[in-house]
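**Student:** Next comes start14.cif, mmCIF, C-alpha atoms:
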```
data_input
loop_
_atom_site.label_atom_id
_atom_site.label_comp_id
_atom_site.auth_asym_id
_atom_site.auth_seq_id
_atom_site.Cartn_x
_atom_site.Cartn_y
_atom_site.Cartn_z
CA MET Y 972 99.31 93.09 84.83
CA ALA Y 973 99.33 95.95 87.31
CA ARG Y 974 97.37 96.86 90.41
CA GLY Y 975 95.51 100.13 89.93
CA LEU Y 976 93.65 102.52 92.19
CA PHE Y 977 90.36 103.83 90.79
CA VAL Y 978 89.02 106.97 92.49
CA GLU Y 979 85.32 107.71 91.89
CA PRO Y 980 83.42 110.26 94.03
CA PHE Y 981 80.13 109.42 92.30
CA TYR Y 982 79.74 105.64 92.49
CA GLY Y 983 76.20 105.35 91.17
CA GLY Y 984 74.15 105.11 87.99
CA SER Y 985 76.11 104.79 84.76
CA HIS Y 986 79.37 105.62 86.56
CA ARG Y 987 78.93 102.59 88.81
CA ALA Y 988 77.85 100.31 85.97
CA PHE Y 989 80.95 101.28 84.00
CA LEU Y 990 83.36 100.81 86.91
CA ASP Y 991 81.85 97.47 87.92
CA GLY Y 992 82.18 96.31 84.31
CA LEU Y 993 85.79 97.42 84.09
CA VAL Y 994 86.71 95.59 87.30
CA ARG Y 995 84.88 92.47 86.15
CA HIS Y 996 86.42 92.28 82.66
CA SER Y 997 89.90 93.77 83.00
CA ALA Y 998 93.03 91.69 83.41
CA HIS Y 999 94.34 94.40 85.73
CA HIS Y 1000 93.58 94.37 89.44
CA PHE Y 1001 91.73 97.33 90.95
CA THR Y 1002 91.26 98.79 94.39
CA LEU Y 1003 88.24 101.09 94.44
CA LEU Y 1004 88.12 104.32 96.41
CA THR Y 1005 84.55 105.57 96.08
CA LEU Y 1006 81.68 107.56 97.52
CA GLU Y 1007 78.07 106.56 96.94
CA ASP Y 1008 76.17 108.69 94.45
CA GLY Y 1009 74.60 111.83 95.87
CA GLU Y 1010 74.05 115.47 94.99
CA TRP Y 1011 76.67 115.93 92.27
CA ARG Y 1012 77.82 119.41 93.32
CA ARG Y 1013 78.57 118.19 96.83
CA ARG Y 1014 80.45 115.22 95.44
CA MET Y 1015 82.62 117.49 93.30
CA ARG Y 1016 83.21 120.01 96.08
CA ARG Y 1017 83.90 117.58 98.92
CA GLY Y 1018 84.85 114.32 97.22
CA ALA Y 1019 88.60 114.93 97.14
CA HIS Y 1020 88.70 115.78 100.84
CA GLU Y 1021 86.58 112.82 101.92
CA LEU Y 1022 88.38 110.32 99.70
CA ALA Y 1023 91.81 111.58 100.74
CA ALA Y 1024 90.92 110.66 104.32
CA ALA Y 1025 89.74 107.23 103.19
CA ALA Y 1026 92.93 106.71 101.18
CA ALA Y 1027 94.94 106.70 104.39
CA GLN Y 1028 93.37 103.33 105.18
CA LEU Y 1029 94.59 101.69 101.95
CA ASP Y 1030 97.41 99.16 102.12
CA GLY Y 1031 100.05 98.32 99.55
CA ASP Y 1032 101.40 99.94 96.42
CA PHE Y 1033 99.76 100.72 93.09
CA GLY Y 1034 101.00 100.76 89.52
CA PHE Y 1035 98.67 103.49 88.30
CA LEU Y 1036 95.74 105.68 89.33
CA VAL Y 1037 92.52 106.40 87.42
CA ALA Y 1038 90.19 109.22 88.47
CA THR Y 1039 86.98 110.47 86.89
CA ASP Y 1040 85.86 114.00 86.06
CA MET Y 1041 83.92 114.19 89.34
CA LEU Y 1042 87.18 114.38 91.33
CA ASP Y 1043 89.19 117.50 92.09
CA LEU Y 1044 92.39 115.65 91.20
CA PRO Y 1045 94.96 118.32 92.24
CA ALA Y 1046 93.26 118.67 95.63
CA PHE Y 1047 93.22 114.89 96.12
CA LEU Y 1048 96.93 114.61 95.29
CA ALA Y 1049 97.77 117.52 97.59
CA LEU Y 1050 95.78 116.08 100.49
CA THR Y 1051 97.40 112.64 100.12
CA ARG Y 1052 100.97 113.79 99.39
CA PRO Y 1053 103.42 112.26 98.93
CA ARG Y 1054 101.78 108.85 98.67
CA PHE Y 1055 100.56 109.00 95.06
CA SER Y 1056 102.99 111.59 93.69
CA HIS Y 1057 105.00 108.95 91.80
CA LEU Y 1058 102.00 107.25 90.14
CA PRO Y 1059 101.05 107.75 86.49
CA ILE Y 1060 97.50 109.06 86.39
CA MET Y 1061 94.64 108.80 83.91
CA LEU Y 1062 91.73 111.24 84.14
CA TYR Y 1063 88.63 109.68 82.58
CA LEU Y 1064 85.90 112.10 81.55
CA HIS Y 1065 82.37 110.69 81.43
CA GLU Y 1066 81.17 114.30 81.14
CA ASN Y 1067 82.59 117.77 81.72
CA GLN Y 1068 81.28 120.90 83.39
CA LEU Y 1069 82.44 123.32 80.70
CA THR Y 1070 79.89 122.25 78.09
CA TYR Y 1071 77.24 120.49 80.18
CA PRO Y 1072 73.86 122.21 79.57
CA ARG Y 1073 72.61 124.72 82.13
CA LEU Y 1074 69.10 125.71 83.07
CA ARG Y 1075 67.98 128.82 81.24
CA GLY Y 1076 68.72 131.89 83.34
CA THR Y 1077 71.44 130.24 85.45
CA LYS Y 1078 75.06 131.32 85.35
CA PHE Y 1079 78.07 129.25 84.42
CA ASN Y 1080 79.76 128.03 87.62
CA SER Y 1081 83.43 128.40 86.77
CA TRP Y 1082 84.51 126.39 89.84
CA PHE Y 1083 83.41 123.08 88.34
CA GLY Y 1084 84.77 123.89 84.89
CA ALA Y 1085 88.09 124.95 86.41
CA MET Y 1086 88.16 121.72 88.40
CA ASN Y 1087 87.95 119.66 85.19
CA TYR Y 1088 90.60 121.84 83.55
CA LEU Y 1089 93.08 121.63 86.44
CA SER Y 1090 92.49 117.88 86.78
CA ALA Y 1091 93.34 117.51 83.09
CA CYS Y 1092 96.50 119.55 83.66
CA ALA Y 1093 97.52 117.31 86.58
CA ALA Y 1094 96.92 113.97 84.82
CA ASP Y 1095 99.43 112.14 82.62
CA VAL Y 1096 96.68 110.88 80.29
CA VAL Y 1097 93.31 112.55 79.68
CA ALA Y 1098 90.85 109.99 78.30
CA PHE Y 1099 87.40 110.77 76.93
CA ASN Y 1100 84.48 108.42 76.33
CA SER Y 1101 84.03 109.64 72.73
CA GLU Y 1102 85.79 111.67 70.07
CA PHE Y 1103 82.88 114.12 70.15
CA HIS Y 1104 83.51 114.69 73.86
CA ARG Y 1105 87.23 115.19 73.37
CA SER Y 1106 86.70 117.76 70.61
CA ASP Y 1107 83.92 119.47 72.56
CA PHE Y 1108 86.05 119.86 75.70
CA LEU Y 1109 89.14 121.13 73.90
CA ALA Y 1110 87.09 123.59 71.84
CA ALA Y 1111 85.53 124.96 75.03
CA LEU Y 1112 88.97 125.50 76.55
CA GLU Y 1113 90.16 127.22 73.37
CA ALA Y 1114 87.13 129.53 73.38
CA LEU Y 1115 87.60 130.32 77.06
CA SER Y 1116 91.30 131.08 76.61
CA SER Y 1117 90.44 133.94 74.25
CA GLN Y 1118 88.14 135.67 76.74
CA PRO Y 1119 89.36 138.48 79.02
CA ASN Y 1120 90.31 137.55 82.58
CA ASN Y 1121 90.19 133.83 81.82
CA TRP Y 1122 91.96 131.23 83.95
CA ILE Y 1123 93.57 129.19 81.15
CA ALA Y 1124 97.38 129.26 81.33
CA ALA Y 1125 99.29 129.70 78.08
CA GLY Y 1126 100.05 126.45 76.30
CA THR Y 1127 97.93 124.24 78.53
CA VAL Y 1128 95.16 123.57 76.01
CA GLN Y 1129 97.74 122.25 73.56
CA ALA Y 1130 99.36 120.22 76.35
CA ILE Y 1131 96.01 118.63 77.29
CA ALA Y 1132 95.29 117.88 73.62
CA GLY Y 1133 98.69 116.24 73.27
CA LYS Y 1134 98.06 113.78 76.11
CA SER Y 1135 94.40 113.14 75.31
CA THR Y 1136 92.92 109.98 73.92
CA VAL Y 1137 89.53 108.30 73.43
CA VAL Y 1138 88.58 105.08 75.21
CA PRO Y 1139 84.88 104.18 74.81
CA VAL Y 1140 82.65 103.20 77.68
CA GLY Y 1141 82.12 99.48 77.98
CA VAL Y 1142 78.44 98.55 78.18
CA ASP Y 1143 77.07 95.32 79.66
CA LEU Y 1144 74.89 93.97 76.83
CA GLY Y 1145 75.08 90.18 76.57
CA TRP Y 1146 72.80 89.53 79.55
CA MET Y 1147 69.87 91.04 77.63
CA ASP Y 1148 69.93 88.25 75.03
CA ALA Y 1149 68.03 86.00 77.42
CA TYR Y 1150 64.98 88.27 77.02
CA ALA Y 1151 65.05 88.54 73.23
CA ALA Y 1152 61.94 86.37 72.88
CA GLY Y 1153 59.92 89.45 73.79
CA ARG Y 1154 60.74 91.14 70.48
CA ARG Y 1155 57.46 92.33 68.95
CA ARG Y 1156 56.85 91.36 65.33
CA SER Y 1157 53.11 91.88 64.87
CA ALA Y 1158 52.22 94.48 62.26
CA THR Y 1159 48.66 94.78 63.59
CA GLU Y 1160 49.61 96.53 66.84
CA PRO Y 1161 50.81 100.14 66.99
CA PRO Y 1162 54.60 100.39 67.33
CA ILE Y 1163 56.01 101.23 70.75
CA VAL Y 1164 58.01 104.44 71.15
CA LEU Y 1165 60.51 104.24 74.01
CA TRP Y 1166 61.91 106.98 76.26
CA ASN Y 1167 64.62 105.48 78.51
CA HIS Y 1168 66.39 108.65 79.68
CA ARG Y 1169 66.32 110.79 82.82
CA TRP Y 1170 63.35 113.15 82.82
CA GLU Y 1171 65.45 116.26 83.44
CA PHE Y 1172 66.09 119.57 81.69
CA ASP Y 1173 69.32 118.51 79.94
CA LYS Y 1174 67.43 115.75 78.14
CA ALA Y 1175 64.83 118.29 76.87
CA PRO Y 1176 61.72 116.21 77.63
CA GLU Y 1177 59.54 119.19 76.70
CA VAL Y 1178 60.56 118.64 73.05
CA PHE Y 1179 59.49 115.01 73.33
CA ILE Y 1180 56.16 116.05 74.89
CA ARG Y 1181 55.40 118.48 72.07
CA THR Y 1182 56.35 115.92 69.44
CA VAL Y 1183 54.12 113.25 71.00
CA ARG Y 1184 51.22 115.70 71.18
CA LYS Y 1185 51.64 116.71 67.55
CA LEU Y 1186 51.64 113.13 66.26
CA ALA Y 1187 48.75 112.17 68.53
CA GLU Y 1188 46.69 115.08 67.20
CA GLU Y 1189 47.39 113.82 63.68
CA GLY Y 1190 46.06 110.40 64.63
CA VAL Y 1191 49.39 108.63 64.10
CA PRO Y 1192 49.14 105.15 65.72
CA PHE Y 1193 51.77 104.50 68.40
CA ARG Y 1194 52.12 103.54 72.04
CA LEU Y 1195 54.52 104.93 74.63
CA ALA Y 1196 56.99 103.25 76.95
CA LEU Y 1197 58.16 105.85 79.48
CA ALA Y 1198 60.90 104.16 81.46
CA GLY Y 1199 63.44 106.83 82.41
CA GLU Y 1200 64.12 108.08 85.91
CA PRO Y 1201 61.57 110.79 86.83
CA GLY Y 1202 64.23 113.35 87.77
CA ASN Y 1203 63.41 116.98 88.45
CA SER Y 1204 62.50 118.96 85.36
CA PRO Y 1205 60.79 122.37 84.96
CA SER Y 1206 58.63 120.74 82.29
CA GLY Y 1207 57.06 118.42 84.83
CA GLY Y 1208 57.40 114.66 85.15
CA PRO Y 1209 56.49 111.97 82.61
CA GLY Y 1210 53.05 111.80 84.21
CA VAL Y 1211 52.10 114.66 81.88
CA LEU Y 1212 51.95 112.19 78.98
CA ARG Y 1213 50.36 109.44 81.04
CA ASP Y 1214 47.54 111.78 82.03
CA GLU Y 1215 47.00 113.16 78.52
CA PHE Y 1216 47.25 109.85 76.63
CA PRO Y 1217 46.39 106.99 79.01
CA GLU Y 1218 45.18 104.84 76.10
CA ARG Y 1219 48.64 105.03 74.48
CA ILE Y 1220 50.70 103.97 77.53
CA HIS Y 1221 52.37 100.58 77.14
CA HIS Y 1222 54.66 101.08 80.14
CA PHE Y 1223 55.01 103.83 82.72
CA GLY Y 1224 57.63 104.20 85.42
CA TYR Y 1225 61.33 103.70 85.98
CA ALA Y 1226 62.31 100.10 85.22
CA ASP Y 1227 64.35 99.42 88.33
CA ASP Y 1228 65.03 95.73 87.75
CA ARG Y 1229 67.07 94.27 84.91
CA ALA Y 1230 64.47 91.81 83.64
CA THR Y 1231 61.76 94.47 83.29
CA TYR Y 1232 64.13 96.85 81.54
CA ALA Y 1233 65.42 94.23 79.09
CA ARG Y 1234 61.93 93.04 78.17
CA LEU Y 1235 60.88 96.63 77.57
CA LEU Y 1236 63.81 97.27 75.23
CA TRP Y 1237 63.06 94.17 73.20
CA GLU Y 1238 59.34 95.01 73.04
CA SER Y 1239 59.93 98.56 71.81
CA ASP Y 1240 60.28 99.54 68.16
CA ILE Y 1241 61.68 103.07 68.30
CA VAL Y 1242 63.83 104.88 70.89
CA VAL Y 1243 63.72 108.68 71.01
CA SER Y 1244 66.20 111.16 72.46
CA THR Y 1245 65.69 114.92 72.35
CA THR Y 1246 68.69 115.70 74.55
CA ARG Y 1247 70.63 118.97 74.65
CA HIS Y 1248 73.88 117.02 74.91
CA GLU Y 1249 75.25 113.49 74.74
CA PHE Y 1250 78.87 112.74 75.51
CA PHE Y 1251 78.37 109.00 74.93
CA GLY Y 1252 74.84 107.53 75.22
CA VAL Y 1253 74.66 104.28 77.20
CA GLY Y 1254 70.84 104.16 77.11
CA MET Y 1255 70.86 104.56 73.35
CA VAL Y 1256 73.44 101.78 72.95
CA GLU Y 1257 71.29 99.43 75.04
CA ALA Y 1258 68.20 100.21 72.98
CA LEU Y 1259 70.04 99.78 69.66
CA TYR Y 1260 71.35 96.41 70.80
CA CYS Y 1261 67.76 95.25 71.29
CA GLY Y 1262 66.75 96.45 67.82
CA CYS Y 1263 65.11 99.79 68.57
CA PHE Y 1264 65.33 102.29 65.71
CA PRO Y 1265 66.80 105.60 66.98
CA ILE Y 1266 65.38 109.10 66.57
CA ALA Y 1267 67.94 111.53 67.98
CA PRO Y 1268 69.64 114.90 67.40
CA SER Y 1269 72.09 115.03 64.53
CA GLY Y 1270 74.93 116.41 66.67
CA PHE Y 1271 76.70 115.20 69.81
CA ASN Y 1272 77.89 111.57 69.83
CA PHE Y 1273 74.96 110.03 67.98
CA THR Y 1274 76.82 110.02 64.68
CA ALA Y 1275 79.28 107.60 66.30
CA LEU Y 1276 76.48 105.31 67.52
CA VAL Y 1277 74.09 105.13 64.56
CA PRO Y 1278 75.24 103.36 61.35
CA PRO Y 1279 76.05 105.97 58.67
CA GLU Y 1280 73.55 104.54 56.18
CA LEU Y 1281 70.70 104.97 58.71
CA GLN Y 1282 71.55 108.46 59.94
CA GLY Y 1283 69.46 110.23 57.29
CA ALA Y 1284 66.30 108.59 58.62
CA ALA Y 1285 67.33 108.63 62.29
CA LEU Y 1286 69.03 111.93 63.15
CA PHE Y 1287 67.06 115.17 63.15
CA GLU Y 1288 68.10 118.81 62.75
CA SER Y 1289 65.16 120.57 64.44
CA GLU Y 1290 62.02 119.91 66.47
CA GLU Y 1291 59.97 119.86 63.27
CA ASP Y 1292 62.41 117.39 61.75
CA CYS Y 1293 62.14 115.24 64.89
CA ALA Y 1294 58.38 114.96 64.41
CA SER Y 1295 58.81 114.21 60.71
CA LYS Y 1296 61.37 111.45 61.26
CA LEU Y 1297 59.45 109.91 64.14
CA ARG Y 1298 56.28 109.90 62.05
CA ALA Y 1299 58.13 108.19 59.18
CA ALA Y 1300 59.65 105.60 61.52
CA ILE Y 1301 56.26 104.78 63.05
CA VAL Y 1302 54.84 104.19 59.58
CA SER Y 1303 57.78 102.15 58.26
CA ARG Y 1304 58.47 100.23 61.51
CA PRO Y 1305 62.23 99.81 60.91
CA GLY Y 1306 62.97 98.25 64.31
CA GLY Y 1307 64.83 94.96 64.50
CA ASP Y 1308 67.43 95.89 61.86
CA SER Y 1309 70.52 93.76 62.51
CA ARG Y 1310 72.73 96.73 61.66
CA LEU Y 1311 71.53 98.46 64.83
CA ARG Y 1312 72.55 95.50 66.97
CA ARG Y 1313 75.98 95.28 65.34
CA ALA Y 1314 76.55 99.01 65.83
CA ALA Y 1315 75.78 98.70 69.54
CA ALA Y 1316 77.82 95.52 70.01
CA ARG Y 1317 80.99 97.52 69.24
CA PHE Y 1318 80.69 98.92 72.77
CA ALA Y 1319 80.08 95.65 74.61
CA TRP Y 1320 82.73 94.94 77.23
CA PRO Y 1321 84.27 91.99 75.33
CA ALA Y 1322 84.80 94.35 72.37
CA VAL Y 1323 86.42 97.24 74.27
CA ILE Y 1324 88.25 95.65 77.20
CA GLY Y 1325 91.35 94.93 75.11
CA GLU Y 1326 91.63 98.63 74.33
CA TRP Y 1327 91.16 99.52 77.99
CA ASP Y 1328 93.76 97.04 79.19
CA ALA Y 1329 96.28 98.21 76.60
CA HIS Y 1330 95.89 101.84 77.70
CA LEU Y 1331 96.23 100.89 81.37
CA GLU Y 1332 99.27 98.72 80.70
CA GLU Y 1333 100.91 101.58 78.83
CA LEU Y 1334 100.07 103.87 81.76
CA ALA Y 1335 101.65 101.46 84.24
CA THR Y 1336 104.67 101.00 81.98
CA THR Y 1337 105.24 104.75 82.09
CA ARG Y 1338 105.99 104.41 85.80
CA ARG Y 1339 108.27 101.41 85.30
CA ARG Y 1340 110.32 103.25 82.69
#
```
Please re-express this file's structure in structure tokens.

**Tutor:**
Amino acid sequence: MARGLFVEPFYGGSHRAFLDGLVRHSAHHFTLLTLEDGEWRRRMRRGAHELAAAAAQLDGDFGFLVATDMLDLPAFLALTRPRFSHLPIMLYLHENQLTYPRLRGTKFNSWFGAMNYLSACAADVVAFNSEFHRSDFLAALEALSSQPNNWIAAGTVQAIAGKSTVVPVGVDLGWMDAYAAGRRRSATEPPIVLWNHRWEFDKAPEVFIRTVRKLAEEGVPFRLALAGEPGNSPSGGPGVLRDEFPERIHHFGYADDRATYARLLWESDIVVSTTRHEFFGVGMVEALYCGCFPIAPSGFNFTALVPPELQGAALFESEEDCASKLRAAIVSRPGGDSRLRRAAARFAWPAVIGEWDAHLEELATTRRR
């Protein structure tokens, strides 16, 4: 197996959890070149420069290099030349800045989108965390290439497509089994509806708020577990629901320790997402593994997470449909279905690490050839 360099300007949150899992499970050996998580724009603007300086302190040779979408890869390679010029490189996209939702009234910042595009041009392999993400990114480049005064060079979209692949995120799931005794089975208590996402505009919490209000006004029996990070949303924080429906609150506040979070997932019956995008969906995978029935948008990557036979009851087309499907799920209490757990287990590290190692070995072999 080869020694690889992994360059991550945003070593925090789900990016950190993924990278730590990869290092822990992979047969390859990794040296990490990282910056702690911070304001994401600053990380994208300055990360290549700061990490290039840090790279000068690294010893030894590497068989391959992996960088994420947060890195300005061409700038990093230029600032470290010629040290890494011979290495085969994989760009791994957790997200992209071409199709990431923007606040209403704000303009598209072409710098960040161009950074993702040029990084994809510079890499030997462009890997996405889902097929939805791959198709979404390539379609955005195609659409942009047809606009006047665009910055897409002829033939590059096809070139990126030709070297693209999908390698799913590995998710650490097995540790949660120790807390499975907390699974609620009583039919006499109202089911618990879980929100385990960031409370920010791209997750559309205002849709969730309106849906909760509607069902509460109808007298539908349910309780709420509000466990996502508070974030910074124009719709206000999750305290809006705590203040309006204190009698319905089962849990309030970011679950910042693993035991609390796991118990909450096992206790909950239904997990809701009203997001404006989802390139993968780690939080949804975790909730499915613990038996939560999903209510989520019908697009994005949810069709790859939810078993096909359950999608009719789980995935909604509109805000009205969201309320209808959540109401039906509260009444039928479908949580605990073993099919949900099996669907999530496909993304556990033991299930995906073989695929990761094979891709990395092929990448390293490219250099040896």

**Student:** Can you turn the PyMOL selection byres ((chain Y and resi 1146) around 12) into a concrete residue list for this file, as a list in words?

**Tutor:**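 Evaluating the PyMOL selection byres ((chain Y and resi 1146) around 12) on this file yields Val1142, Asp1143, Leu1144, Gly1145, Met1147, Asp1148, Ala1149, Tyr1150, Ala1151, Arg1229, Ala1230, Tyr1232, Ala1233, Arg1234, Glu1257, Tyr1260, Cys1261, Ala1319 and Trp1320 of chain Y.
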
**Student:** Please list as a list in words every residue within 12 Å of Pro1279 (chain Y), counting only C-alpha atoms and excluding residues in the same chain fewer than 5 positions away.

**Tutor:** Ser1269, Phe1273, Thr1274, Ala1284, Ala1285, Leu1286, Arg1310, Leu1311 and Ala1314 of chain Y

**Student:** Could those residues be written to a file, using C-alpha atoms, as an mmCIF file, in the frame of the given file?

**Tutor:**
```cif
data_model
loop_
_atom_site.group_PDB
_atom_site.id
_atom_site.type_symbol
_atom_site.label_atom_id
_atom_site.label_comp_id
_atom_site.auth_asym_id
_atom_site.auth_seq_id
_atom_site.Cartn_x
_atom_site.Cartn_y
_atom_site.Cartn_z
ATOM 1 C CA SER Y 1269 72.090 115.030 64.530
ATOM 2 C CA PHE Y 1273 74.960 110.030 67.980
ATOM 3 C CA THR Y 1274 76.820 110.020 64.680
ATOM 4 C CA ALA Y 1284 66.300 108.590 58.620
ATOM 5 C CA ALA Y 1285 67.330 108.630 62.290
ATOM 6 C CA LEU Y 1286 69.030 111.930 63.150
ATOM 7 C CA ARG Y 1310 72.730 96.730 61.660
ATOM 8 C CA LEU Y 1311 71.530 98.460 64.830
ATOM 9 C CA ALA Y 1314 76.550 99.010 65.830
#
```

**Student:** Specify as a PyMOL selection string each residue included when the PyMOL selection byres ((chain Y and resi 1158-1174) around 8) is applied to this file.

**Tutor:** chain Y and resi 1072-1074+1156-1157+1175-1176+1192-1206+1208-1209+1221+1236+1238-1248+1254+1301+1304

**Student:** Just the selected residues (C-alpha atoms), exported as a tab-separated table (two decimals), in the frame of the given file, please.

**Tutor:**
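For reference, part15.tsv as written:
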```
chain	number	residue	atom	x	y	z
Y	1072	PRO	CA	73.86	122.21	79.57
Y	1073	ARG	CA	72.61	124.72	82.13
Y	1074	LEU	CA	69.10	125.71	83.07
Y	1156	ARG	CA	56.85	91.36	65.33
Y	1157	SER	CA	53.11	91.88	64.87
Y	1175	ALA	CA	64.83	118.29	76.87
Y	1176	PRO	CA	61.72	116.21	77.63
Y	1192	PRO	CA	49.14	105.15	65.72
Y	1193	PHE	CA	51.77	104.50	68.40
Y	1194	ARG	CA	52.12	103.54	72.04
Y	1195	LEU	CA	54.52	104.93	74.63
Y	1196	ALA	CA	56.99	103.25	76.95
Y	1197	LEU	CA	58.16	105.85	79.48
Y	1198	ALA	CA	60.90	104.16	81.46
Y	1199	GLY	CA	63.44	106.83	82.41
Y	1200	GLU	CA	64.12	108.08	85.91
Y	1201	PRO	CA	61.57	110.79	86.83
Y	1202	GLY	CA	64.23	113.35	87.77
Y	1203	ASN	CA	63.41	116.98	88.45
Y	1204	SER	CA	62.50	118.96	85.36
Y	1205	PRO	CA	60.79	122.37	84.96
Y	1206	SER	CA	58.63	120.74	82.29
Y	1208	GLY	CA	57.40	114.66	85.15
Y	1209	PRO	CA	56.49	111.97	82.61
Y	1221	HIS	CA	52.37	100.58	77.14
Y	1236	LEU	CA	63.81	97.27	75.23
Y	1238	GLU	CA	59.34	95.01	73.04
Y	1239	SER	CA	59.93	98.56	71.81
Y	1240	ASP	CA	60.28	99.54	68.16
Y	1241	ILE	CA	61.68	103.07	68.30
Y	1242	VAL	CA	63.83	104.88	70.89
Y	1243	VAL	CA	63.72	108.68	71.01
Y	1244	SER	CA	66.20	111.16	72.46
Y	1245	THR	CA	65.69	114.92	72.35
Y	1246	THR	CA	68.69	115.70	74.55
Y	1247	ARG	CA	70.63	118.97	74.65
Y	1248	HIS	CA	73.88	117.02	74.91
Y	1254	GLY	CA	70.84	104.16	77.11
Y	1301	ILE	CA	56.26	104.78	63.05
Y	1304	ARG	CA	58.47	100.23	61.51
```

**Student:** Take the PyMOL selection byres ((chain Y and resi 1330-1337) around 12), apply it to the structure above, and return the hits as a JSON list (two decimals) with C-alpha atoms, in the coordinates of the input.

**Tutor:**
```
[["chain", "number", "residue", "atom", "x", "y", "z"],
["Y", 972, "MET", "CA", 99.31, 93.09, 84.83],
["Y", 973, "ALA", "CA", 99.33, 95.95, 87.31],
["Y", 974, "ARG", "CA", 97.37, 96.86, 90.41],
["Y", 975, "GLY", "CA", 95.51, 100.13, 89.93],
["Y", 976, "LEU", "CA", 93.65, 102.52, 92.19],
["Y", 977, "PHE", "CA", 90.36, 103.83, 90.79],
["Y", 993, "LEU", "CA", 85.79, 97.42, 84.09],
["Y", 997, "SER", "CA", 89.90, 93.77, 83.00],
["Y", 998, "ALA", "CA", 93.03, 91.69, 83.41],
["Y", 999, "HIS", "CA", 94.34, 94.40, 85.73],
["Y", 1000, "HIS", "CA", 93.58, 94.37, 89.44],
["Y", 1001, "PHE", "CA", 91.73, 97.33, 90.95],
["Y", 1033, "PHE", "CA", 99.76, 100.72, 93.09],
["Y", 1034, "GLY", "CA", 101.00, 100.76, 89.52],
["Y", 1035, "PHE", "CA", 98.67, 103.49, 88.30],
["Y", 1036, "LEU", "CA", 95.74, 105.68, 89.33],
["Y", 1037, "VAL", "CA", 92.52, 106.40, 87.42],
["Y", 1057, "HIS", "CA", 105.00, 108.95, 91.80],
["Y", 1058, "LEU", "CA", 102.00, 107.25, 90.14],
["Y", 1059, "PRO", "CA", 101.05, 107.75, 86.49],
["Y", 1060, "ILE", "CA", 97.50, 109.06, 86.39],
["Y", 1061, "MET", "CA", 94.64, 108.80, 83.91],
["Y", 1062, "LEU", "CA", 91.73, 111.24, 84.14],
["Y", 1063, "TYR", "CA", 88.63, 109.68, 82.58],
["Y", 1094, "ALA", "CA", 96.92, 113.97, 84.82],
["Y", 1095, "ASP", "CA", 99.43, 112.14, 82.62],
["Y", 1096, "VAL", "CA", 96.68, 110.88, 80.29],
["Y", 1097, "VAL", "CA", 93.31, 112.55, 79.68],
["Y", 1098, "ALA", "CA", 90.85, 109.99, 78.30],
["Y", 1134, "LYS", "CA", 98.06, 113.78, 76.11],
["Y", 1135, "SER", "CA", 94.40, 113.14, 75.31],
["Y", 1136, "THR", "CA", 92.92, 109.98, 73.92],
["Y", 1137, "VAL", "CA", 89.53, 108.30, 73.43],
["Y", 1138, "VAL", "CA", 88.58, 105.08, 75.21],
["Y", 1139, "PRO", "CA", 84.88, 104.18, 74.81],
["Y", 1323, "VAL", "CA", 86.42, 97.24, 74.27],
["Y", 1324, "ILE", "CA", 88.25, 95.65, 77.20],
["Y", 1325, "GLY", "CA", 91.35, 94.93, 75.11],
["Y", 1326, "GLU", "CA", 91.63, 98.63, 74.33],
["Y", 1327, "TRP", "CA", 91.16, 99.52, 77.99],
["Y", 1328, "ASP", "CA", 93.76, 97.04, 79.19],
["Y", 1329, "ALA", "CA", 96.28, 98.21, 76.60],
["Y", 1338, "ARG", "CA", 105.99, 104.41, 85.80],
["Y", 1339, "ARG", "CA", 108.27, 101.41, 85.30],
["Y", 1340, "ARG", "CA", 110.32, 103.25, 82.69]]
```

**Student:** So the first atom is CA of Val1302 (chain Y) and the second is CA of Cys1263 (chain Y); what is the distance between them in Å, to one decimal place?

**Tutor:**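 Interatomic distance, CA of Val1302 (chain Y) to CA of Cys1263 (chain Y): 14.3 Å.
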
**Student:** Here is a test: counting only C-alpha atoms, which residue of Y:Phe1108, Y:Phe1264, Y:Phe1318, Y:Tyr1071 is nearest to Ala1091 (chain Y)?

**Tutor:** Y:Phe1108

**Student:** In terms of the shortest atom-to-atom distance over all atoms listed in the file, which of Y:Asp1030, Y:Asp1228, Y:Asp991, Y:Glu1291 is closest to Val1140 (chain Y)?

**Tutor:**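 The answer is Y:Asp991, which sits nearest to Val1140 (chain Y).
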
**Student:** Could you tell me how far CA of Ser1106 (chain Y) lies from CA of Ala1132 (chain Y), in Å and to one decimal?

**Tutor:**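 Separation between CA of Ser1106 (chain Y) and CA of Ala1132 (chain Y): 9.1 Å.
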
**Student:** Which residue out of Y:Met1015, Y:Leu1112, Y:Gln1118, Y:Ile1123 has the minimum interatomic distance to Phe1083 (chain Y) when all atoms listed in the file are used?

**Tutor:**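 Looking only at the distances to Phe1083 (chain Y), the closest residue turns out to be Y:Met1015.
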
**Student:** Around region 1172-1190 of chain Y, fit a box with edges along x, y and z, padding it by 6 Å on each side, then list its centre and edge lengths in Å to one decimal as JSON.

**Tutor:**
```
{"center_x": 57.7, "center_y": 115.0, "center_z": 72.7, "size_x": 35.3, "size_y": 21.2, "size_z": 30.0}
```

**Student:** So how many Å separate CA of Leu1048 (chain Y) and CA of Leu1069 (chain Y), to one decimal?

**Tutor:**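 These two atoms are separated by 22.3 Å.
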
**Student:** Looking at only C-alpha atoms, which of Y:Cys1293, Y:Val1277, Y:Gly1133, Y:Ala1085 is the one that sits closest to Leu1186 (chain Y)?

**Tutor:** Y:Cys1293

**Student:** From the set Y:Gly1018, Y:Ser1056, Y:Leu1235, Y:Gly1141, which residue has the shortest atom-to-atom contact distance to Val994 (chain Y), counting all atoms listed in the file?

**Tutor:**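 The answer is Y:Gly1141, which sits nearest to Val994 (chain Y).
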